[in-house]
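So this one's model-v3.cif, mmCIF, C-alpha atoms and all ligand atoms:
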```cif
data_data
#
loop_
_atom_site.label_atom_id
_atom_site.label_comp_id
_atom_site.auth_asym_id
_atom_site.auth_seq_id
_atom_site.Cartn_x
_atom_site.Cartn_y
_atom_site.Cartn_z
CA MET A 18 11.22 242.60 240.07
CA GLY A 19 13.27 243.62 237.04
CA ALA A 20 16.84 242.95 236.06
CA ALA A 21 19.53 243.97 238.55
CA GLN A 22 23.03 245.10 237.62
CA GLN A 23 22.31 245.92 233.96
CA PRO A 24 24.19 248.59 231.98
CA THR A 25 22.21 251.63 230.86
CA TYR A 26 23.03 251.94 227.18
CA PRO A 27 22.66 255.44 225.74
CA ASP A 28 21.86 254.21 222.21
CA ALA A 29 19.09 251.60 221.90
CA ALA A 30 19.59 251.15 218.14
CA ALA A 31 23.23 250.21 218.74
CA VAL A 32 22.08 247.56 221.24
CA ASP A 33 19.75 246.06 218.62
CA LEU A 34 22.57 245.94 216.09
CA ALA A 35 24.89 244.13 218.50
CA VAL A 36 22.18 241.69 219.56
CA ASP A 37 21.31 240.92 215.91
CA ARG A 38 24.97 240.21 215.21
CA LEU A 39 25.14 237.85 218.21
CA ARG A 40 21.94 236.07 217.29
CA THR A 41 23.35 235.07 213.90
CA SER A 42 26.79 234.08 215.25
CA PRO A 43 27.61 230.38 215.59
CA PRO A 44 27.40 228.82 219.06
CA LEU A 45 30.57 228.79 221.13
CA VAL A 46 29.76 225.41 222.66
CA PHE A 47 27.65 222.46 221.55
CA ALA A 48 24.59 221.65 223.64
CA GLY A 49 25.72 218.01 223.81
CA GLU A 50 28.87 219.15 225.62
CA CYS A 51 26.70 220.92 228.20
CA ASP A 52 24.87 217.62 228.74
CA ASP A 53 28.22 215.83 229.21
CA LEU A 54 29.20 218.36 231.85
CA LYS A 55 25.83 217.93 233.53
CA GLU A 56 26.50 214.20 233.78
CA LYS A 57 29.90 214.85 235.30
CA ILE A 58 28.35 217.21 237.86
CA ALA A 59 25.78 214.52 238.63
CA ALA A 60 28.72 212.37 239.76
CA VAL A 61 29.70 215.24 242.09
CA VAL A 62 26.16 215.25 243.52
CA ARG A 63 26.59 211.53 244.24
CA GLY A 64 29.88 212.22 246.05
CA GLU A 65 31.97 210.53 243.38
CA ALA A 66 33.84 213.49 241.91
CA PHE A 67 35.13 216.97 242.76
CA ILE A 68 34.80 220.20 240.75
CA LEU A 69 37.69 222.58 240.22
CA GLN A 70 36.30 225.84 238.85
CA GLY A 71 38.81 228.63 238.44
CA GLY A 72 40.08 231.62 236.54
CA ASP A 73 40.13 235.40 236.58
CA CYS A 74 37.65 237.52 238.46
CA ALA A 75 37.35 239.53 235.26
CA GLU A 76 38.88 238.53 231.95
CA THR A 77 39.96 241.45 229.76
CA PHE A 78 40.21 241.73 225.99
CA ALA A 79 43.87 242.75 226.35
CA GLY A 80 44.45 239.56 228.35
CA VAL A 81 43.50 237.30 225.44
CA THR A 82 47.04 236.26 224.56
CA ALA A 83 48.50 232.80 224.02
CA ASP A 84 50.70 233.06 227.11
CA ASN A 85 47.92 234.18 229.38
CA VAL A 86 45.48 231.47 228.28
CA ARG A 87 48.16 228.76 228.45
CA ASN A 88 49.30 229.84 231.90
CA LYS A 89 45.78 229.72 233.31
CA LEU A 90 45.15 226.33 231.78
CA ARG A 91 48.48 225.07 233.07
CA VAL A 92 47.83 226.00 236.68
CA LEU A 93 44.36 224.43 236.52
CA LEU A 94 45.84 221.23 235.08
CA GLN A 95 48.48 221.15 237.81
CA MET A 96 45.89 221.69 240.53
CA ALA A 97 43.70 218.98 239.03
CA VAL A 98 46.59 216.52 239.01
CA VAL A 99 47.33 217.25 242.67
CA LEU A 100 43.66 216.85 243.66
CA THR A 101 43.26 213.68 241.62
CA TYR A 102 46.49 212.07 242.79
CA ALA A 103 46.83 213.26 246.37
CA GLY A 104 43.09 213.56 247.01
CA SER A 105 42.22 210.34 245.09
CA VAL A 106 39.15 211.77 243.44
CA PRO A 107 38.15 212.39 239.80
CA VAL A 108 38.22 216.13 239.09
CA VAL A 109 35.77 217.96 236.84
CA LYS A 110 37.79 220.78 235.25
CA LEU A 111 35.84 223.96 234.70
CA GLY A 112 37.48 227.27 233.70
CA ARG A 113 36.14 230.68 234.67
CA ILE A 114 37.25 231.51 231.19
CA ALA A 115 36.19 232.45 227.65
CA GLY A 116 33.26 234.65 228.68
CA GLN A 117 33.93 236.04 232.18
CA TYR A 118 33.82 239.70 231.09
CA ALA A 119 30.91 241.29 233.00
CA LYS A 120 31.04 242.38 236.65
CA PRO A 121 28.31 243.23 239.14
CA ARG A 122 29.20 246.27 241.27
CA SER A 123 28.16 247.27 244.78
CA SER A 124 28.08 250.91 243.66
CA ASP A 125 27.07 252.39 240.30
CA PHE A 126 29.82 255.00 240.63
CA GLU A 127 33.50 255.20 241.38
CA THR A 128 35.16 258.26 242.91
CA ARG A 129 38.87 258.95 242.66
CA THR A 130 40.90 261.93 243.76
CA ILE A 131 42.79 263.38 240.81
CA ASP A 132 45.09 266.39 241.35
CA GLY A 133 43.37 267.05 244.66
CA GLU A 134 39.89 267.02 243.08
CA LYS A 135 37.28 264.33 243.64
CA VAL A 136 36.11 262.88 240.31
CA THR A 137 33.09 260.58 240.11
CA LEU A 138 32.39 258.43 237.04
CA PRO A 139 30.24 255.36 236.28
CA ALA A 140 31.81 252.21 237.75
CA TYR A 141 33.74 249.81 235.51
CA ARG A 142 31.41 246.86 234.83
CA GLY A 143 33.84 244.66 232.98
CA ASP A 144 35.12 244.76 229.40
CA ALA A 145 31.70 243.44 228.33
CA VAL A 146 30.20 246.81 229.25
CA ASN A 147 32.67 249.70 229.43
CA GLY A 148 36.37 250.55 229.61
CA TYR A 149 38.62 250.31 232.68
CA ASP A 150 40.31 253.68 231.93
CA PHE A 151 39.07 256.30 234.33
CA THR A 152 37.71 258.74 231.74
CA GLU A 153 34.20 259.78 230.97
CA ALA A 154 34.30 258.42 227.43
CA SER A 155 35.67 255.04 228.42
CA ARG A 156 33.07 254.49 231.14
CA ILE A 157 30.08 254.91 228.78
CA PRO A 158 28.47 251.46 228.20
CA ASP A 159 29.03 250.38 224.59
CA PRO A 160 26.96 247.44 223.23
CA GLN A 161 29.55 246.72 220.52
CA ARG A 162 31.59 245.32 223.42
CA LEU A 163 29.14 242.39 223.61
CA VAL A 164 30.23 241.38 220.10
CA ASP A 165 33.84 241.77 221.27
CA VAL A 166 33.05 239.44 224.19
CA TYR A 167 31.82 236.85 221.71
CA ASN A 168 34.92 237.18 219.50
CA ASN A 169 37.38 237.10 222.39
CA SER A 170 35.60 234.15 223.96
CA ALA A 171 35.74 232.32 220.63
CA ALA A 172 39.49 232.95 220.32
CA THR A 173 40.12 231.85 223.90
CA LEU A 174 38.00 228.74 223.66
CA ASN A 175 39.61 227.79 220.37
CA LEU A 176 43.04 227.90 221.96
CA VAL A 177 41.86 226.06 225.07
CA ARG A 178 40.38 223.31 222.90
CA ALA A 179 43.62 223.07 220.94
CA PHE A 180 45.64 222.77 224.14
CA VAL A 181 43.44 220.17 225.81
CA THR A 182 43.09 217.90 222.81
CA GLY A 183 46.30 218.68 220.92
CA GLY A 184 48.85 217.19 223.29
CA TYR A 185 49.48 219.93 225.87
CA ALA A 186 47.19 218.28 228.42
CA ASP A 187 48.71 214.82 227.80
CA LEU A 188 49.58 213.36 231.20
CA ARG A 189 53.08 212.68 229.92
CA GLN A 190 53.50 216.47 230.00
CA VAL A 191 52.93 216.45 233.75
CA HIS A 192 56.55 217.50 234.41
CA THR A 193 56.67 220.27 231.84
CA TRP A 194 53.65 222.03 233.41
CA ASN A 195 55.93 222.75 236.36
CA THR A 196 58.20 225.52 235.11
CA ASP A 197 61.44 226.60 236.76
CA PHE A 198 59.89 229.32 238.80
CA VAL A 199 57.40 227.05 240.53
CA ARG A 200 59.85 224.19 240.89
CA SER A 201 61.90 226.20 243.37
CA ALA A 202 58.93 226.76 245.73
CA PRO A 203 58.08 224.03 248.29
CA ALA A 204 54.72 223.37 246.59
CA GLY A 205 56.56 223.06 243.28
CA ARG A 206 58.96 220.52 244.75
CA ARG A 207 56.07 218.54 246.20
CA TYR A 208 54.47 218.64 242.76
CA GLU A 209 57.70 217.36 241.13
CA LYS A 210 57.52 214.33 243.37
CA ILE A 211 53.95 213.54 242.33
CA ALA A 212 54.82 214.13 238.68
CA GLY A 213 57.68 211.64 239.01
CA GLU A 214 55.38 209.02 240.50
CA ILE A 215 52.77 209.56 237.77
CA GLU A 216 55.42 209.25 235.08
CA LYS A 217 56.60 205.97 236.53
CA ALA A 218 53.03 204.68 236.62
CA LEU A 219 52.54 205.74 232.98
CA GLU A 220 55.68 203.87 231.93
CA PHE A 221 54.44 200.79 233.71
CA MET A 222 51.03 201.05 232.03
CA LYS A 223 52.68 201.46 228.66
CA ALA A 224 54.88 198.44 229.29
CA ILE A 225 51.83 196.28 229.93
CA GLY A 226 50.14 197.62 226.82
CA ALA A 227 47.59 199.97 228.40
CA ASP A 228 47.37 203.44 226.90
CA PRO A 229 43.83 204.77 227.36
CA ARG A 230 42.43 207.97 225.90
CA GLU A 231 42.41 209.56 229.37
CA PHE A 232 46.21 209.74 229.35
CA HIS A 233 46.30 211.95 226.28
CA GLY A 234 43.92 214.75 226.98
CA VAL A 235 41.35 216.01 229.46
CA ASP A 236 37.75 217.10 229.39
CA PHE A 237 37.75 220.78 230.07
CA TYR A 238 34.68 223.01 230.25
CA ASN A 239 34.11 226.74 230.46
CA SER A 240 31.84 228.95 232.54
CA HIS A 241 31.06 232.54 233.45
CA GLU A 242 28.59 234.61 235.44
CA ALA A 243 25.44 235.15 233.35
CA LEU A 244 25.04 238.86 234.01
CA VAL A 245 24.35 240.98 230.93
CA LEU A 246 20.97 239.72 229.83
CA GLU A 247 21.21 240.98 226.23
CA TYR A 248 24.26 238.79 225.72
CA GLU A 249 22.99 235.64 227.41
CA HIS A 250 19.63 235.96 225.75
CA ALA A 251 21.09 236.44 222.28
CA MET A 252 23.31 233.39 222.84
CA THR A 253 20.40 231.19 223.88
CA ARG A 254 19.38 228.86 221.07
CA ILE A 255 17.04 225.95 220.48
CA ASP A 256 19.07 222.74 220.34
CA SER A 257 18.17 220.78 217.21
CA ARG A 258 18.51 217.40 218.99
CA THR A 259 16.18 218.12 221.86
CA ASN A 260 14.21 221.23 220.84
CA ALA A 261 15.20 222.72 224.19
CA PRO A 262 16.93 226.08 224.80
CA TYR A 263 20.62 226.15 225.75
CA ASP A 264 22.84 229.14 226.46
CA VAL A 265 25.57 228.30 223.98
CA SER A 266 27.98 231.00 225.19
CA ALA A 267 29.44 228.58 227.77
CA HIS A 268 29.02 225.06 229.07
CA MET A 269 27.98 226.31 232.49
CA VAL A 270 26.75 229.70 233.65
CA TRP A 271 26.04 230.91 237.14
CA ILE A 272 23.94 233.58 238.86
CA GLY A 273 25.87 235.95 241.12
CA GLU A 274 25.17 236.85 244.73
CA ARG A 275 23.70 240.22 243.68
CA THR A 276 21.33 238.88 241.04
CA ARG A 277 19.86 235.77 242.64
CA GLN A 278 16.46 237.31 243.53
CA LEU A 279 13.84 234.60 243.14
CA ASP A 280 11.59 236.86 241.06
CA GLY A 281 14.47 238.54 239.21
CA ALA A 282 15.33 238.36 235.53
CA HIS A 283 18.49 236.28 235.94
CA VAL A 284 16.76 233.48 237.81
CA GLU A 285 13.97 233.62 235.24
CA LEU A 286 16.30 233.32 232.23
CA LEU A 287 18.41 230.56 233.74
CA SER A 288 15.32 228.63 234.77
CA HIS A 289 14.57 228.14 231.06
CA ILE A 290 17.94 227.00 229.72
CA LYS A 291 19.08 223.39 229.92
CA ASN A 292 22.76 223.97 230.73
CA PRO A 293 24.13 222.99 234.09
CA ILE A 294 23.88 226.17 236.16
CA GLY A 295 25.20 227.56 239.42
CA VAL A 296 23.98 230.04 242.02
CA LYS A 297 26.22 231.91 244.43
CA LEU A 298 24.94 231.78 248.01
CA GLY A 299 26.25 234.36 250.47
CA PRO A 300 25.86 234.61 254.25
CA THR A 301 22.36 236.11 254.13
CA THR A 302 20.94 232.99 252.46
CA SER A 303 18.35 231.17 254.57
CA PRO A 304 17.65 227.46 254.14
CA ASP A 305 14.25 228.38 252.68
CA ASP A 306 15.89 230.74 250.15
CA ALA A 307 18.07 227.86 248.98
CA LEU A 308 15.08 225.52 248.70
CA ALA A 309 13.07 228.10 246.78
CA LEU A 310 15.93 228.64 244.32
CA ALA A 311 16.23 224.89 243.81
CA ALA A 312 12.47 224.57 243.25
CA LYS A 313 12.52 227.30 240.62
CA LEU A 314 15.78 226.38 238.89
CA ASN A 315 15.65 222.60 239.14
CA PRO A 316 11.98 221.61 239.56
CA ALA A 317 12.68 218.06 238.38
CA ASN A 318 15.46 217.73 241.00
CA GLU A 319 17.79 216.50 238.26
CA ALA A 320 21.29 215.70 239.55
CA GLY A 321 23.96 217.80 237.79
CA ARG A 322 21.61 220.58 236.78
CA LEU A 323 22.18 222.79 239.85
CA THR A 324 25.31 223.72 241.76
CA PHE A 325 25.27 225.92 244.84
CA ILE A 326 28.46 227.96 245.13
CA THR A 327 28.71 229.09 248.75
CA ARG A 328 30.71 232.21 249.63
CA PHE A 329 30.15 232.97 253.30
CA GLY A 330 33.53 234.24 254.47
CA SER A 331 35.84 232.33 256.80
CA GLY A 332 34.20 233.84 259.90
CA LYS A 333 30.66 232.83 258.92
CA ILE A 334 30.86 229.50 257.13
CA ARG A 335 30.96 227.21 260.15
CA GLU A 336 27.75 228.65 261.52
CA GLY A 337 26.02 229.63 258.30
CA LEU A 338 26.47 226.62 256.05
CA PRO A 339 25.30 223.62 258.16
CA PRO A 340 21.62 224.74 258.36
CA LEU A 341 21.52 224.95 254.54
CA LEU A 342 23.11 221.53 254.15
CA GLU A 343 20.78 219.98 256.71
CA LYS A 344 17.65 221.33 255.08
CA ALA A 345 18.79 220.35 251.59
CA LYS A 346 19.63 216.88 252.84
CA ALA A 347 16.31 216.49 254.63
CA GLU A 348 14.44 217.54 251.48
CA GLY A 349 16.46 215.17 249.29
CA LEU A 350 17.77 217.96 247.06
CA ASN A 351 20.07 216.83 244.29
CA VAL A 352 22.60 219.63 244.27
CA ALA A 353 26.38 219.94 244.02
CA TRP A 354 27.92 222.10 246.75
CA ILE A 355 31.08 223.95 245.93
CA CYS A 356 33.07 226.43 247.96
CA ASP A 357 34.03 229.90 246.74
CA PRO A 358 36.47 230.92 249.50
CA MET A 359 37.30 234.20 247.76
CA HIS A 360 34.33 236.56 247.80
CA GLY A 361 33.56 236.50 251.52
CA ASN A 362 37.19 237.27 252.39
CA THR A 363 38.03 240.46 250.53
CA PHE A 364 39.38 243.51 252.35
CA GLU A 365 41.25 246.69 251.55
CA ALA A 366 44.91 246.72 252.57
CA SER A 367 46.35 249.85 254.16
CA SER A 368 48.04 250.51 250.82
CA GLY A 369 44.57 250.80 249.24
CA TYR A 370 44.71 247.53 247.27
CA LYS A 371 41.75 245.16 247.42
CA THR A 372 43.21 241.90 248.69
CA ARG A 373 42.56 238.55 250.37
CA ASN A 374 44.59 236.66 252.91
CA PHE A 375 45.64 233.17 251.83
CA ASP A 376 45.04 231.86 255.37
CA ASP A 377 41.43 233.16 255.39
CA VAL A 378 40.83 231.54 252.01
CA ILE A 379 42.13 228.18 253.26
CA ASP A 380 40.24 228.55 256.53
CA GLU A 381 36.97 228.99 254.64
CA VAL A 382 37.66 225.82 252.64
CA GLN A 383 38.42 223.99 255.89
CA GLY A 384 35.16 225.32 257.37
CA PHE A 385 33.35 224.11 254.24
CA PHE A 386 34.81 220.62 254.66
CA ASP A 387 34.05 220.64 258.40
CA ALA A 388 30.41 221.61 257.73
CA HIS A 389 29.94 218.86 255.15
CA ASN A 390 31.66 216.26 257.31
CA ALA A 391 29.43 217.19 260.25
CA VAL A 392 26.20 216.99 258.25
CA GLY A 393 27.22 214.01 256.14
CA THR A 394 27.08 215.76 252.76
CA TRP A 395 29.76 215.84 250.09
CA PRO A 396 32.10 218.85 249.79
CA GLY A 397 31.86 218.84 246.02
CA GLY A 398 34.40 221.34 244.84
CA LEU A 399 36.19 224.65 244.74
CA HIS A 400 35.50 227.90 242.94
CA VAL A 401 38.64 230.03 242.88
CA GLU A 402 39.86 233.30 241.41
CA LEU A 403 43.36 232.56 240.22
CA THR A 404 45.86 233.25 237.52
CA GLY A 405 48.74 231.29 236.05
CA ASP A 406 51.07 234.23 236.53
CA ASP A 407 53.29 235.38 239.34
CA VAL A 408 51.08 238.28 240.43
CA THR A 409 51.00 239.88 243.88
CA GLU A 410 47.31 240.34 244.64
CA CYS A 411 46.54 238.09 247.64
CA VAL A 412 48.66 238.31 250.80
CA GLY A 413 50.14 235.31 252.62
CA GLY A 414 50.92 231.86 251.30
CA GLY A 415 54.29 230.11 251.36
CA GLU A 416 56.00 233.13 249.81
CA MET A 417 54.50 235.22 252.62
CA LEU A 418 53.45 238.13 250.43
CA SER A 419 52.75 241.19 252.58
CA ALA A 420 50.56 244.23 252.01
CA ASP A 421 53.73 246.10 251.02
CA ASP A 422 54.40 243.61 248.22
CA LEU A 423 51.03 244.13 246.53
CA ASN A 424 52.24 246.97 244.31
CA GLN A 425 54.91 244.77 242.70
CA ARG A 426 52.58 243.08 240.28
CA TYR A 427 48.92 243.86 240.87
CA GLU A 428 47.18 243.31 237.54
CA SER A 429 43.58 242.35 238.27
CA VAL A 430 40.99 244.88 237.07
CA CYS A 431 38.57 243.58 239.67
CA ASP A 432 39.12 241.13 242.54
CA PRO A 433 42.54 239.83 243.72
CA ARG A 434 43.53 236.39 242.43
CA LEU A 435 45.71 233.66 243.87
CA ASN A 436 48.99 233.52 241.96
CA ARG A 437 50.46 230.37 240.55
CA VAL A 438 52.33 229.21 243.64
CA GLN A 439 49.44 230.08 245.97
CA SER A 440 47.09 228.11 243.70
CA LEU A 441 49.31 225.05 243.82
CA GLU A 442 49.66 225.36 247.59
CA MET A 443 45.89 225.50 247.85
CA ALA A 444 45.54 222.34 245.76
CA PHE A 445 47.82 220.43 248.17
CA LEU A 446 45.99 221.69 251.24
CA VAL A 447 42.61 220.77 249.75
CA ALA A 448 43.92 217.36 248.66
CA ASP A 449 44.89 216.79 252.30
CA MET A 450 41.35 217.75 253.38
CA LEU A 451 39.90 215.28 250.86
CA ALA A 452 42.23 212.54 252.05
CA ALA A 453 41.38 213.26 255.72
CA GLY A 454 37.65 213.04 254.92
CA ARG A 455 38.17 209.70 253.24
CA LYS A 456 39.99 208.31 256.27
CA ARG A 457 37.14 209.39 258.50
CA ALA A 458 34.51 207.78 256.26
C1 LIG B 501 32.52 236.92 241.25
O1 LIG B 501 32.43 235.69 241.17
O2 LIG B 501 33.44 237.57 240.72
C2 LIG B 501 31.51 237.64 242.05
C3 LIG B 501 31.21 238.91 241.83
O3 LIG B 501 30.99 236.87 243.01
P1 LIG B 501 29.69 237.05 243.93
O4 LIG B 501 28.53 237.12 242.99
O5 LIG B 501 29.70 235.80 244.74
O6 LIG B 501 29.90 238.28 244.75
MN MN B 502 35.33 238.33 241.80
#
```
If you convert what's in this file into structure tokens, what do you get?
Amino acid sequence: MGAAQQPTYPDAAAVDLAVDRLRTSPPLVFAGECDDLKEKIAAVVRGEAFILQGGDCAETFAGVTADNVRNKLRVLLQMAVVLTYAGSVPVVKLGRIAGQYAKPRSSDFETRTIDGEKVTLPAYRGDAVNGYDFTEASRIPDPQRLVDVYNNSAATLNLVRAFVTGGYADLRQVHTWNTDFVRSAPAGRRYEKIAGEIEKALEFMKAIGADPREFHGVDFYNSHEALVLEYEHAMTRIDSRTNAPYDVSAHMVWIGERTRQLDGAHVELLSHIKNPIGVKLGPTTSPDDALALAAKLNPANEAGRLTFITRFGSGKIREGLPPLLEKAKAEGLNVAWICDPMHGNTFEASSGYKTRNFDDVIDEVQGFFDAHNAVGTWPGGLHVELTGDDVTECVGGGEMLSADDLNQRYESVCDPRLNRVQSLEMAFLVADMLAAGRKRA
């Protein structure tokens, strides 16, 4: 079995040039940070923490602006506060950011009708591969884009690091993360209340002389789907501390639903790196498939090394997930289970937009919690496509966006994302699920 979902580059020499450039570029993350994240995920495996993994379906080079990066970080910080405070659980914060530029496609081609004529061109595979513009020239895979991925990821990660350590993520900023727009929504008002309580607690702590490091910044990690093998391979380096290979393009990388073949190139590459890794598991996954993936990707059964990201769809999760959980439990697998309630719930609205219904998304998360509660395993986290902006891509939610609203601000170049208010609403609903689970326990 070869490598699925790879671009076909017309110019092999240009690929070599790009790969050489990447090979000599400094790492984007330090291997020691990947180990720290692995330890945090190990706490999730033990049922002591919860992962919040979120960001765009597809980042774009044009989207690398200060506002865009700050807004995404802000909504993730707000969600994490809600989950930590209302759900009473430590939250591992993991962006789908600074590297999420390559997309697997169900079809190699895209057909549009232009001036009454059907035009077919190669599918857009993310800014890592080709251009979104629907022209022949833009859709040709260009390996120089891999170097652009590196540079844009570096710029994004640099800003994220500045924000999380430079004061923006200080808990005393908890009120300022809630801007006017969100404050007027019910979820925003509920958030204001929590922020007020946290502020009071911080004042009390300060008064008694306690001011720990945790109040002034957060640990934030980045992740993306490891898809274009030239890129991931070129960014894999031998760590000088341990002499082991790490993919230093992100703290965590995952294998997508379309590339998780046991004998495929993606599973092979990720089996050799030491980063914490994830695998998406869709509704066709059998318990034996999951066990075989774990045996290949985590032969030492190390806690924190492997995360299964399930994406069954709201109609399939209640039936499909429990057999996997039961088998993994019976075999003593050390794995973190997190729920991607997005990718099994996509449909095309009558207006032609790809969308998701907020209620389906929440229902899948509820089904995920129900399955874990029934089997006695830990619902370890969420994997969400979201943005910090006020887009109109998913229908439903407290603002009751309808299919007719989607054209107002539909900006995703791939899958529809929850907007800022929908993301915050989701955090409250999931915090309630966590709290309900605790009561039951
Ligand atoms: C994605 O995460 O954007 C994606 C393509 O997911 P999946 O591999 O689960 O379909
Ligand atoms: Mn997606």
Handout entry: Nearby polymer residues, ligand LIG 501 (chain B), at most 6 Å, all atoms listed in the file, as a ChimeraX atom specification
Key = /A:74,121,273-275,297,360
Write a file of the just-selected residues containing C-alpha atoms, as a PDB file, keeping the file's coordinate frame.
```pdb
ATOM      1  CA  CYS A  74      37.650 237.520 238.460  1.00  0.00           C
ATOM      2  CA  PRO A 121      28.310 243.230 239.140  1.00  0.00           C
ATOM      3  CA  GLY A 273      25.870 235.950 241.120  1.00  0.00           C
ATOM      4  CA  GLU A 274      25.170 236.850 244.730  1.00  0.00           C
ATOM      5  CA  ARG A 275      23.700 240.220 243.680  1.00  0.00           C
ATOM      6  CA  LYS A 297      26.220 231.910 244.430  1.00  0.00           C
ATOM      7  CA  HIS A 360      34.330 236.560 247.800  1.00  0.00           C
TER       8      HIS A 360
END
```
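With distances restricted to all atoms listed in the file, A:Ala119 is the closest residue to ligand MN 502 (chain B) from A:Met450, A:Val146, A:Ile379, A:Ala119.
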With the cut-off set at 8 Å and counting all atoms listed in the file, tabulate each residue of chain A with an atom at most that distance from an atom of ligand MN 502 (chain B), showing the nearest atom pair and its distance in Å to one decimal, ordered by chain and increasing number, as a Markdown table.
```
| residue | atom | partner | partner_atom | distance |
| --- | --- | --- | --- | --- |
| A:Asp73 | CA | B:MN502 | MN | 7.7 |
| A:Cys74 | CA | B:MN502 | MN | 4.1 |
| A:Ala75 | CA | B:MN502 | MN | 6.9 |
| A:Lys120 | CA | B:MN502 | MN | 7.8 |
| A:Met359 | CA | B:MN502 | MN | 7.5 |
| A:His360 | CA | B:MN502 | MN | 6.3 |
| A:Glu402 | CA | B:MN502 | MN | 6.8 |
| A:Cys431 | CA | B:MN502 | MN | 6.5 |
| A:Asp432 | CA | B:MN502 | MN | 4.8 |
| A:Pro433 | CA | B:MN502 | MN | 7.6 |
```
Handout entry: Counting all atoms listed in the file, the residue of A:Ile294, A:Ala448, A:Ala20, A:Ile355 that sits nearest His241 in chain A
Key =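 So, comparing all the options, the nearest one is A:Ile294.
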Handout entry: Non-local contacts of Leu69 in chain A (8 Å; only C-alpha atoms; under 2 positions in same chain excluded) as a PyMOL selection string
Key = chain A and resi 67+71+93+97+108-111+398-401
Practice task
May I have the residues within 10 Å of Thr372 in chain A as a ChimeraX atom specification, using all atoms listed in the file and disregarding those fewer than 5 positions away in the same chain?
Solution key: /A:359,362-366,409-412,420,423,427,432-435
Exercise for the section: Identify, on the basis of only C-alpha atoms, every residue whose closest approach to Gly213 in chain A does not exceed 12 Å; exclude the query and any residue fewer than 2 positions from it along the same chain; express the result as a list in words. Expected result: Tyr102, Leu188, Arg189, Gln190, Val191, His192, Thr193, Asn195, Arg206, Arg207, Tyr208, Glu209, Lys210, Ile211, Ile215, Glu216, Lys217, Ala218, Leu219 and Glu220 of chain A
Take the point (42.4, 237.3, 222.3) as written in the file and pick out every residue within 10 Å of it, counting all atoms listed in the file; give the list as a PDB file with C-alpha atoms, in the frame of the given file.
```
ATOM      1  CA  THR A  77      39.960 241.450 229.760  1.00  0.00           C
ATOM      2  CA  PHE A  78      40.210 241.730 225.990  1.00  0.00           C
ATOM      3  CA  ALA A  79      43.870 242.750 226.350  1.00  0.00           C
ATOM      4  CA  GLY A  80      44.450 239.560 228.350  1.00  0.00           C
ATOM      5  CA  VAL A  81      43.500 237.300 225.440  1.00  0.00           C
ATOM      6  CA  THR A  82      47.040 236.260 224.560  1.00  0.00           C
ATOM      7  CA  ALA A  83      48.500 232.800 224.020  1.00  0.00           C
ATOM      8  CA  ASN A  85      47.920 234.180 229.380  1.00  0.00           C
ATOM      9  CA  VAL A  86      45.480 231.470 228.280  1.00  0.00           C
ATOM     10  CA  ALA A 115      36.190 232.450 227.650  1.00  0.00           C
ATOM     11  CA  ASP A 165      33.840 241.770 221.270  1.00  0.00           C
ATOM     12  CA  VAL A 166      33.050 239.440 224.190  1.00  0.00           C
ATOM     13  CA  ASN A 168      34.920 237.180 219.500  1.00  0.00           C
ATOM     14  CA  ASN A 169      37.380 237.100 222.390  1.00  0.00           C
ATOM     15  CA  SER A 170      35.600 234.150 223.960  1.00  0.00           C
ATOM     16  CA  ALA A 171      35.740 232.320 220.630  1.00  0.00           C
ATOM     17  CA  ALA A 172      39.490 232.950 220.320  1.00  0.00           C
ATOM     18  CA  THR A 173      40.120 231.850 223.900  1.00  0.00           C
ATOM     19  CA  LEU A 174      38.000 228.740 223.660  1.00  0.00           C
ATOM     20  CA  LEU A 176      43.040 227.900 221.960  1.00  0.00           C
TER      21      LEU A 176
END
```
Exercise for the section: Find, counting all atoms listed in the file, the residue in A:Ile157, A:Gly295, A:Asn147, A:Val62 that gets nearest to Asp28 in chain A. Expected result: A:Ile157
Contacts of Phe47 in chain A at 10 Å (only C-alpha atoms; same-chain gap of 4+ positions) as a PDB file with C-alpha atoms, in the coordinates of the input:
```pdb
ATOM      1  CA  PRO A  43      27.610 230.380 215.590  1.00  0.00           C
ATOM      2  CA  CYS A  51      26.700 220.920 228.200  1.00  0.00           C
ATOM      3  CA  ASP A  52      24.870 217.620 228.740  1.00  0.00           C
ATOM      4  CA  ASP A 256      19.070 222.740 220.340  1.00  0.00           C
ATOM      5  CA  TYR A 263      20.620 226.150 225.750  1.00  0.00           C
ATOM      6  CA  ASP A 264      22.840 229.140 226.460  1.00  0.00           C
ATOM      7  CA  VAL A 265      25.570 228.300 223.980  1.00  0.00           C
ATOM      8  CA  SER A 266      27.980 231.000 225.190  1.00  0.00           C
ATOM      9  CA  ALA A 267      29.440 228.580 227.770  1.00  0.00           C
ATOM     10  CA  HIS A 268      29.020 225.060 229.070  1.00  0.00           C
TER      11      HIS A 268
END
```
